[in-house]
Amino acid sequence: MIKALGYFIEIIRGIFITTRHFVVNLFFRCLAVLGIKTKRKGSVTIQYPEQKKEIASRHRSLHRLMTRPDGKPRCVACMLCVTVCPSECIYVEAAEDPDPEIQKYPAKFIIDLSRCCFCGFCVEACPEDAIRMDTGNVEFAQYSQEDMIYDLDKLIG
Amino acid sequence: MTETLNEMLIIFIKIVCALAWLLGLTLFLTWLERKESALIQDRLGANRASIFGIRIIGLFQPIADAIKMIFKEDFVPSFSRKFLHTMAPFISFFFVAITIAAIPFGDNLRIGNRTIHLQILDFNVGLLFILAMLSLGIYGIIISGWASNNKYALIGGLRGAAQIISYEVALGLSLIGLIMVYPSLRLSSIVLYQGELLFGFLPKWGIFLQPLGFVIFLFAALSETKRAPFDLPEGESEIIGFFTEYSGLKWGLFMMVDFMEVIIVSTLLTTLFFGGWQVPWLASDGFHFPWGGELLLSHVVVVLLQVAAFNIKVFFFCWLQILIRWTYPRFRYDQLMDFGWKLLIPLSLVNIIGTGIIMTL
């Protein structure tokens, strides 16, 4: 009986907690609608398309290829990223570079983003620091799978 | 002849107004439920629906929901009993919507030499009528469960029927004490009795005369609405309920019936326990305060105040029921049955005996 009474008190407390949340949040929301700035917002919602959360610096977002000072890709087509990629979404076709210091350059560098799992292994594996995932772009959804295939132009640009 | 025609016209207008009030408030409640739950959980809630870029805090959301529901496919499973499957939501809807006929929205409104009673039908068995219609709503649940021809829907329907029948007993018994205090089943006279004063200053509302009856009625009525914490018949998230096989607007009708039951329960709580359209110390010619002051008002202002009071009270109880729905988790089935049969019914019997003893003293 005493135990049941304890439960009953907790039940009553529960409704006071939700009422408090309702009243306090309603108050701060009303202030926000009226245009009065307060420290509390009354909600934790981030209104996504208009308001964006800051992306952490280590966040793995859309890939980009780094370039040399003359504008050519830094990539030497060593195929390490192709080998390490668990999703097998990178395709590199090597071509011979006249500069003996470089020897090879990628004639084609294609990432199929519809397969990519954004593990970042390609970034880790790259000996030339040619590929990075720090664009901060996370909104590259497309209507067709073909549009998800990124080639050299798109990755450098 | 013209007199009867006028009477018929007035009745017709009253029916249209009452139904518009009920359905409009139902749509509003769908919005309120989303917003209130959002505020309780520190969220914002639906605020995107807009017409030409105007959002007004998501108030267009019910309209958008309705349009979506109308254009969804109305899927009837091939194995269902087609006719009954189609009938069930309408039966549920009808028996809830018709109860609004007996609810008094306000006192008499005098226009010229005509007196309009702000109630569609002033039965002398109004209270019994409402209880009967709410009980008949079970048929909608059972038929929808059975006509779906689906084991889980049928079991859900049976669960709903068992729950509602169990709580119907407590619901009826909790009102007997009230009927003993206000010796009438006519809702308009129950409200009129509540306009009197207790000890010269306290309005003679049901809550002050029947506090235990109020608590029992509140819990029993909450279970009648089939919403959390009593949402075992449907159990939208886990247990499969009686309207599993419904889609589109028929499902929407069941959803609306839930909200309409919330409104009907709120109007009943208001009418029976919170003085209906009575404003404390407001008589037909203005305020007469117990400390001697007077504030005389014109007839139209008084009627408007009374209707506003009724609406505010109903709105408060709708708010309270949504708050309860978003606060408490669901009962286990045996707890539900224990609560109904072992706690509410004995308490309501105690309430009847206690009321009788106090009244004979």
# chains A, B, ... in the order shown; residues from 1 in each chain; ligands from 1
call {"tool": "select_by_dssp", "arguments": {"residues": "range 57-145 of chain A", "states": "strand (DSSP E)", "output": "PyMOL selection string"}}
result
chain A and resi 64-65+90-96+104-112+131-132
call {"tool": "residues_around", "arguments": {"residues": "Arg110 in chain B", "least_positions_apart": "4", "cutoff": "12 Å", "atoms": "only C-alpha atoms", "output": "list in words"}}
result
Gly106, Arg114, Thr115, Ile116, His117, Leu118, Ser284, Ser298, His299, Val300, Val301, Val302 and Val303 of chain B
call {"tool": "interface_residues", "arguments": {"of": "chain B", "to": "chain A", "cutoff": "7 Å", "atoms": "only C-alpha atoms", "output": "MDAnalysis selection string"}}
result
chainID B and resid 39:40 42:44 327
call {"tool": "atom_distance", "arguments": {"atom1": "CA of Ala147 in chain B", "atom2": "CA of Ile239 in chain B"}}
result
18.7 Å
call {"tool": "atom_distance", "arguments": {"atom1": "CA of Phe289 in chain B", "atom2": "CA of Gly200 in chain B"}}
result
10.0 Å
call {"tool": "residues_around", "arguments": {"residues": "Asp134 in chain A", "least_positions_apart": "6", "cutoff": "10 Å", "atoms": "only C-alpha atoms", "output": "ChimeraX atom specification"}}
result
/A:55-64
call {"tool": "select_by_dssp", "arguments": {"residues": "range 48-156 of chain B", "states": "helix (DSSP H, G or I)", "output": "ChimeraX atom specification"}}
result
/B:56-58,61-71,82-102,126-147,151-156
call {"tool": "residues_around", "arguments": {"residues": "Pro77 in chain B", "least_positions_apart": "5", "cutoff": "12 Å", "atoms": "only C-alpha atoms", "output": "count of residues only"}}
result
12
call {"tool": "atom_distance", "arguments": {"atom1": "CA of Ile263 in chain B", "atom2": "CA of Cys318 in chain B"}}
result
6.3 Å
call {"tool": "residues_around", "arguments": {"residues": "range 115-124 of chain A", "least_positions_apart": "5", "cutoff": "9 Å", "atoms": "only C-alpha atoms", "output": "PyMOL selection string"}}
result
chain A and resi 60-63+80-90+129-133+148
call {"tool": "residues_around", "arguments": {"residues": "Phe71 in chain B", "least_positions_apart": "2", "cutoff": "12 Å", "atoms": "only C-alpha atoms", "output": "count of residues only"}}
result
14
call {"tool": "residues_around", "arguments": {"residues": "Tyr333 in chain B", "least_positions_apart": "4", "cutoff": "12 Å", "atoms": "only C-alpha atoms", "output": "ChimeraX atom specification"}}
result
/B:156,159-160,162-163,229-233,235,239,337-340
call {"tool": "decode", "arguments": {"residues": "range 10-59 of chain B", "atoms": "N, CA and C atoms", "output": "mmCIF file, in the first residue's frame"}}
result
data_model
loop_
_atom_site.group_PDB
_atom_site.id
_atom_site.type_symbol
_atom_site.label_atom_id
_atom_site.label_comp_id
_atom_site.auth_asym_id
_atom_site.auth_seq_id
_atom_site.Cartn_x
_atom_site.Cartn_y
_atom_site.Cartn_z
ATOM 1 N N ILE B 10 -33.886 26.678 -37.705
ATOM 2 C CA ILE B 10 -33.013 26.937 -36.548
ATOM 3 C C ILE B 10 -32.307 25.657 -36.124
ATOM 4 N N ILE B 11 -33.077 24.553 -36.083
ATOM 5 C CA ILE B 11 -32.473 23.261 -35.705
ATOM 6 C C ILE B 11 -31.369 22.915 -36.694
ATOM 7 N N PHE B 12 -31.659 23.129 -37.977
ATOM 8 C CA PHE B 12 -30.678 22.804 -39.012
ATOM 9 C C PHE B 12 -29.396 23.617 -38.814
ATOM 10 N N ILE B 13 -29.576 24.912 -38.575
ATOM 11 C CA ILE B 13 -28.399 25.768 -38.367
ATOM 12 C C ILE B 13 -27.625 25.317 -37.139
ATOM 13 N N LYS B 14 -28.358 24.924 -36.098
ATOM 14 C CA LYS B 14 -27.678 24.481 -34.880
ATOM 15 C C LYS B 14 -26.868 23.219 -35.150
ATOM 16 N N ILE B 15 -27.452 22.275 -35.936
ATOM 17 C CA ILE B 15 -26.728 21.033 -36.238
ATOM 18 C C ILE B 15 -25.463 21.352 -37.015
ATOM 19 N N VAL B 16 -25.608 22.226 -38.034
ATOM 20 C CA VAL B 16 -24.437 22.562 -38.857
ATOM 21 C C VAL B 16 -23.356 23.211 -38.000
ATOM 22 N N CYS B 17 -23.777 24.148 -37.139
ATOM 23 C CA CYS B 17 -22.796 24.846 -36.309
ATOM 24 C C CYS B 17 -22.102 23.876 -35.366
ATOM 25 N N ALA B 18 -22.883 22.983 -34.738
ATOM 26 C CA ALA B 18 -22.282 22.064 -33.764
ATOM 27 C C ALA B 18 -21.308 21.126 -34.454
ATOM 28 N N LEU B 19 -21.701 20.600 -35.628
ATOM 29 C CA LEU B 19 -20.807 19.684 -36.338
ATOM 30 C C LEU B 19 -19.551 20.418 -36.811
ATOM 31 N N ALA B 20 -19.745 21.661 -37.288
ATOM 32 C CA ALA B 20 -18.585 22.428 -37.734
ATOM 33 C C ALA B 20 -17.648 22.678 -36.558
ATOM 34 N N TRP B 21 -18.251 22.970 -35.388
ATOM 35 C CA TRP B 21 -17.449 23.183 -34.184
ATOM 36 C C TRP B 21 -16.658 21.931 -33.850
ATOM 37 N N LEU B 22 -17.351 20.789 -33.880
ATOM 38 C CA LEU B 22 -16.706 19.529 -33.505
ATOM 39 C C LEU B 22 -15.580 19.180 -34.474
ATOM 40 N N LEU B 23 -15.873 19.251 -35.784
ATOM 41 C CA LEU B 23 -14.865 18.845 -36.768
ATOM 42 C C LEU B 23 -13.720 19.844 -36.815
ATOM 43 N N GLY B 24 -14.055 21.134 -36.689
ATOM 44 C CA GLY B 24 -12.997 22.144 -36.677
ATOM 45 C C GLY B 24 -12.056 21.953 -35.500
ATOM 46 N N LEU B 25 -12.664 21.692 -34.338
ATOM 47 C CA LEU B 25 -11.833 21.469 -33.151
ATOM 48 C C LEU B 25 -11.018 20.193 -33.300
ATOM 49 N N THR B 26 -11.596 19.184 -34.007
ATOM 50 C CA THR B 26 -10.847 17.939 -34.240
ATOM 51 C C THR B 26 -9.591 18.220 -35.052
ATOM 52 N N LEU B 27 -9.767 18.988 -36.140
ATOM 53 C CA LEU B 27 -8.607 19.338 -36.956
ATOM 54 C C LEU B 27 -7.592 20.117 -36.129
ATOM 55 N N PHE B 28 -8.120 21.043 -35.317
ATOM 56 C CA PHE B 28 -7.224 21.851 -34.493
ATOM 57 C C PHE B 28 -6.470 20.970 -33.505
ATOM 58 N N LEU B 29 -7.150 19.946 -32.975
ATOM 59 C CA LEU B 29 -6.497 19.080 -31.989
ATOM 60 C C LEU B 29 -5.351 18.297 -32.601
ATOM 61 N N THR B 30 -5.478 17.910 -33.894
ATOM 62 C CA THR B 30 -4.353 17.203 -34.502
ATOM 63 C C THR B 30 -3.122 18.102 -34.508
ATOM 64 N N TRP B 31 -3.361 19.396 -34.746
ATOM 65 C CA TRP B 31 -2.245 20.358 -34.702
ATOM 66 C C TRP B 31 -1.744 20.514 -33.276
ATOM 67 N N LEU B 32 -2.700 20.652 -32.338
ATOM 68 C CA LEU B 32 -2.328 20.875 -30.941
ATOM 69 C C LEU B 32 -1.523 19.698 -30.415
ATOM 70 N N GLU B 33 -1.932 18.491 -30.815
ATOM 71 C CA GLU B 33 -1.215 17.309 -30.329
ATOM 72 C C GLU B 33 0.242 17.350 -30.760
ATOM 73 N N ARG B 34 0.463 17.718 -32.028
ATOM 74 C CA ARG B 34 1.843 17.751 -32.513
ATOM 75 C C ARG B 34 2.641 18.843 -31.836
ATOM 76 N N LYS B 35 2.015 20.015 -31.677
ATOM 77 C CA LYS B 35 2.743 21.131 -31.093
ATOM 78 C C LYS B 35 2.992 20.915 -29.614
ATOM 79 N N GLU B 36 1.966 20.402 -28.913
ATOM 80 C CA GLU B 36 2.108 20.237 -27.471
ATOM 81 C C GLU B 36 3.150 19.174 -27.163
ATOM 82 N N SER B 37 3.100 18.049 -27.916
ATOM 83 C CA SER B 37 4.098 17.012 -27.674
ATOM 84 C C SER B 37 5.485 17.559 -27.973
ATOM 85 N N ALA B 38 5.587 18.406 -29.002
ATOM 86 C CA ALA B 38 6.883 18.985 -29.357
ATOM 87 C C ALA B 38 7.400 19.851 -28.214
ATOM 88 N N LEU B 39 6.536 20.686 -27.659
ATOM 89 C CA LEU B 39 6.983 21.577 -26.586
ATOM 90 C C LEU B 39 7.377 20.775 -25.350
ATOM 91 N N ILE B 40 6.624 19.690 -25.085
ATOM 92 C CA ILE B 40 6.960 18.867 -23.919
ATOM 93 C C ILE B 40 8.333 18.246 -24.112
ATOM 94 N N GLN B 41 8.659 17.874 -25.346
ATOM 95 C CA GLN B 41 9.926 17.195 -25.606
ATOM 96 C C GLN B 41 11.009 18.149 -26.116
ATOM 97 N N ASP B 42 10.873 19.434 -25.872
ATOM 98 C CA ASP B 42 11.856 20.454 -26.268
ATOM 99 C C ASP B 42 12.080 20.480 -27.775
ATOM 100 N N ARG B 43 11.019 20.225 -28.550
ATOM 101 C CA ARG B 43 11.157 20.313 -29.997
ATOM 102 C C ARG B 43 10.326 21.494 -30.488
ATOM 103 N N LEU B 44 10.227 21.623 -31.816
ATOM 104 C CA LEU B 44 9.424 22.707 -32.381
ATOM 105 C C LEU B 44 8.079 22.214 -32.882
ATOM 106 N N GLY B 45 8.041 21.013 -33.435
ATOM 107 C CA GLY B 45 6.797 20.499 -33.962
ATOM 108 C C GLY B 45 6.552 20.968 -35.379
ATOM 109 N N ALA B 46 5.442 20.496 -35.957
ATOM 110 C CA ALA B 46 5.145 20.772 -37.361
ATOM 111 C C ALA B 46 5.032 22.264 -37.580
ATOM 112 N N ASN B 47 5.901 22.823 -38.432
ATOM 113 C CA ASN B 47 5.785 24.263 -38.719
ATOM 114 C C ASN B 47 6.107 24.566 -40.176
ATOM 115 N N ARG B 48 6.062 23.543 -41.049
ATOM 116 C CA ARG B 48 6.508 23.767 -42.426
ATOM 117 C C ARG B 48 5.364 24.013 -43.380
ATOM 118 N N ALA B 49 4.178 23.456 -43.080
ATOM 119 C CA ALA B 49 3.071 23.598 -44.026
ATOM 120 C C ALA B 49 2.772 25.074 -44.246
ATOM 121 N N SER B 50 2.746 25.486 -45.509
ATOM 122 C CA SER B 50 2.558 26.914 -45.771
ATOM 123 C C SER B 50 1.663 27.107 -46.978
ATOM 124 N N ILE B 51 0.964 28.218 -47.013
ATOM 125 C CA ILE B 51 0.215 28.619 -48.187
ATOM 126 C C ILE B 51 0.815 29.932 -48.647
ATOM 127 N N PHE B 52 1.400 29.954 -49.844
ATOM 128 C CA PHE B 52 2.089 31.121 -50.386
ATOM 129 C C PHE B 52 3.123 31.666 -49.400
ATOM 130 N N GLY B 53 3.858 30.742 -48.765
ATOM 131 C CA GLY B 53 4.928 31.177 -47.885
ATOM 132 C C GLY B 53 4.492 31.625 -46.511
ATOM 133 N N ILE B 54 3.170 31.627 -46.266
ATOM 134 C CA ILE B 54 2.703 32.019 -44.932
ATOM 135 C C ILE B 54 2.578 30.750 -44.099
ATOM 136 N N ARG B 55 3.218 30.761 -42.930
ATOM 137 C CA ARG B 55 3.263 29.512 -42.167
ATOM 138 C C ARG B 55 2.352 29.507 -40.955
ATOM 139 N N ILE B 56 2.123 30.648 -40.325
ATOM 140 C CA ILE B 56 1.428 30.771 -39.043
ATOM 141 C C ILE B 56 1.581 29.527 -38.165
ATOM 142 N N ILE B 57 2.792 29.339 -37.665
ATOM 143 C CA ILE B 57 3.196 28.249 -36.771
ATOM 144 C C ILE B 57 2.511 26.925 -37.087
ATOM 145 N N GLY B 58 2.509 26.567 -38.364
ATOM 146 C CA GLY B 58 2.070 25.228 -38.733
ATOM 147 C C GLY B 58 0.588 24.975 -38.682
ATOM 148 N N LEU B 59 -0.227 26.017 -38.602
ATOM 149 C CA LEU B 59 -1.671 25.790 -38.493
ATOM 150 C C LEU B 59 -2.270 25.212 -39.768
#
